[in-house]
Amino acid sequence: MQILDGKALAKKIEDRVAVDAKTLKETTGRTPGLAVILVGNDPASHAYVSMKKKACDRVGFYSVTHEMPADISQDAIENTIKMMNQNTSIDGILIQLPLPPQVDTTKLLELVAPNKDVDGFHPYNVGRLTTGLEGFVPCTPLGVMELLKEYNIDPKGMNAVVVGASNIVGKPMAALLLNADATVQITHIYTKDLKACTLNADIILVGAGVINLIKEDMVKEGAIVIDIGINRAPDGKLVGDVDFKNVSSKCSFITPVPGGVGPMTIAMLLQNTLRAAQAHAKES
Ligand code: NAD
């Protein structure tokens with residue numbers, strides 16, 4: 001069994017992004033800029049935004065966070081996004097999810113200029129991903145693909161089972177695997193026999209938000225297991241969706257939590273923002 005070390009690869013990518021950002025600044029005068037919208041007081045959202053801001057600082061990006069109260073109106077957020085779309089020093093716009101219930105999240109995501117959509121959530125970029133065209137790809141599944149590439153794991157021809165079908169994790173993960181010529185099955189809360197699906201998988205990618213969802217008897221010998229889940233265990237520790245202790249001995253490769261997919265997500269956000277900045281520098 002080999003651990004897929006997302007922390008180490010993320011550091012390598014960050015170092016490369018920092019060098020490329022410096023070159024961009026020297027050659028064009030442009031510093032990559034990321035703007036974040038953070039609504040309400042959800043501690044997890046605040047923690048994620050703080051990690052993203054620190055990562056921007058490490059690689060020399062400009063970043064700004066617009067904090068808004070939980071009872072903010074739809075109009076006020078829309079106006080902020082419009083302002084960010086116009087602001088030429090902003091290359092990437094990130095709306096930290098989830099948003100409070102009075103807010104129409106889809107409408108806001110659609111308002112982000114597709115060329116600043118570094119999270120890859122705009123339907124324009126979703127469409128480009130599903131048709132296999134160049135565009136911004138959601139950071140978490142993109143990070144998984146980078147991690148597989150680093151360890152020379154080619155999903156081509158593999159039976160891939162994705163557990164979880166959200167717009168930000170499961171669906172784009174499935175699209176990327178399909179684009180990489182895997183045979184993909186997407187499962188979710190209403191899947192009748194999850195174990196029958198996962199037992200057939202050469203690679204299982206799970207992002208459901210359920211502690212210990214994937215157990216030893218659900219994984220075939222030699223399978224690759226990618227744990228995208230991030231959950232807080234009763235003892236306060238961060239854990240994934242996989243019973244790591246018992247599953248890992250059966251795997252050929254497995255990601256740990258923490259230190260697997262999580263750091264790759266942030267590295268991909270930096271990479272996407274750098275790409276946006278490079279494109280904007282060419283346009284101006
Ligand atoms: P979500 O709640 O939007 O979606 C969860 C999905 O899992 C749904 O499709 C649901 O049907 C499915 N699901 C739930 N329970 C299930 C079960 N018992 N069996 C099968 N499927 C089940 O969540 P999300 O935003 O997609 O996040 C999923 C997990 O991934 C969470 O733990 C989240 O914290 C984590 N996450 C991690 C990163 C990262 O950087 N590693 C990024 C985003 C999300």
# chains A, B, ... in the order shown; residues from 1 in each chain; ligands from 1

call {"tool": "residues_around", "arguments": {"residues": "Asn85 in chain A", "least_positions_apart": "2", "cutoff": "8 Å", "atoms": "only C-alpha atoms", "output": "VMD selection string"}}
result
chain A and resid 81 to 83 87 to 88 90 112 to 113 116

call {"tool": "residues_near_ligand", "arguments": {"ligand": "ligand 1", "cutoff": "8 Å", "atoms": "only C-alpha atoms and all ligand atoms", "output": "PyMOL selection string"}}
result
chain A and resi 139-140+163-170+187-191+194+206-210+213+227-231+240-241+260-266

call {"tool": "residues_around", "arguments": {"residues": "Ile77 in chain A", "least_positions_apart": "4", "cutoff": "9 Å", "atoms": "only C-alpha atoms", "output": "compact mmCIF listing (two decimals) with N, CA, C and O atoms, in the first residue's frame"}}
result
# COMPACT_ATOMS: atom_id res chain seq x y z
N ILE A 37 -15.74 36.09 -1.54
CA ILE A 37 -16.96 36.53 -0.85
C ILE A 37 -17.25 35.53 0.26
O ILE A 37 -17.37 34.32 0.00
N MET A 68 -19.46 39.41 4.69
CA MET A 68 -20.83 39.94 4.73
C MET A 68 -21.64 39.22 5.80
O MET A 68 -21.40 38.03 6.04
N ILE A 72 -27.46 39.18 4.75
CA ILE A 72 -27.22 40.06 3.59
C ILE A 72 -28.24 39.77 2.47
O ILE A 72 -28.70 38.64 2.32
N SER A 73 -28.55 40.80 1.69
CA SER A 73 -29.53 40.60 0.61
C SER A 73 -28.83 40.06 -0.64
O SER A 73 -27.63 40.24 -0.84
N ILE A 81 -20.33 41.20 -6.69
CA ILE A 81 -19.76 40.36 -7.77
C ILE A 81 -19.57 41.19 -9.03
O ILE A 81 -18.52 41.10 -9.70
N LYS A 82 -20.56 42.04 -9.36
CA LYS A 82 -20.46 42.88 -10.55
C LYS A 82 -19.23 43.79 -10.46
O LYS A 82 -18.50 43.98 -11.44
N VAL A 103 -30.39 33.22 0.02
CA VAL A 103 -29.59 33.62 -1.15
C VAL A 103 -29.73 32.57 -2.26
O VAL A 103 -29.72 31.38 -2.01
N LEU A 108 -25.96 33.59 -8.28
CA LEU A 108 -24.69 34.26 -7.98
C LEU A 108 -23.54 33.62 -8.76
O LEU A 108 -22.68 34.31 -9.31

call {"tool": "closest_residue", "arguments": {"among": "A:Pro172, A:Pro155, A:Pro100, A:Gly33", "to": "Arg128 in chain A", "atoms": "only C-alpha atoms"}}
result
A:Pro172

call {"tool": "select_by_dssp", "arguments": {"residues": "range 123-263 of chain A", "states": "alpha helix (DSSP H)", "output": "PyMOL selection string"}}
result
chain A and resi 123-130+139-150+170-179+194-198+244-247+261-263

call {"tool": "closest_residue", "arguments": {"among": "A:Ala18, A:Ala174, A:Leu269, A:Ala47", "to": "Ala35 in chain A", "atoms": "only C-alpha atoms"}}
result
A:Leu269

call {"tool": "atom_distance", "arguments": {"atom1": "CA of Leu129 in chain A", "atom2": "CA of Leu142 in chain A"}}
result
10.9 Å

call {"tool": "residues_around", "arguments": {"residues": "Gln271 in chain A", "least_positions_apart": "5", "cutoff": "9 Å", "atoms": "only C-alpha atoms", "output": "list in words"}}
result
Ile13, Glu14, Val17, Val118, Ile266 and Ala276 of chain A

call {"tool": "atom_distance", "arguments": {"atom1": "CA of Ala160 in chain A", "atom2": "CA of Asn272 in chain A"}}
result
25.5 Å

call {"tool": "atom_distance", "arguments": {"atom1": "CA of Ala175 in chain A", "atom2": "CA of Val257 in chain A"}}
result
23.5 Å

call {"tool": "select_by_dssp", "arguments": {"residues": "range 25-230 of chain A", "states": "strand (DSSP E)", "output": "number ranges by chain"}}
result
A: 33-39, 62-68, 92-95, 159-163, 183-187, 203-206, 224-227

call {"tool": "residues_around", "arguments": {"residues": "Val126 in chain A", "least_positions_apart": "4", "cutoff": "9 Å", "atoms": "only C-alpha atoms", "output": "list in words"}}
result
Gly120, Phe121, His122, Thr130, Thr131, Gly135, Phe136, Val137, Pro138 and Pro172 of chain A
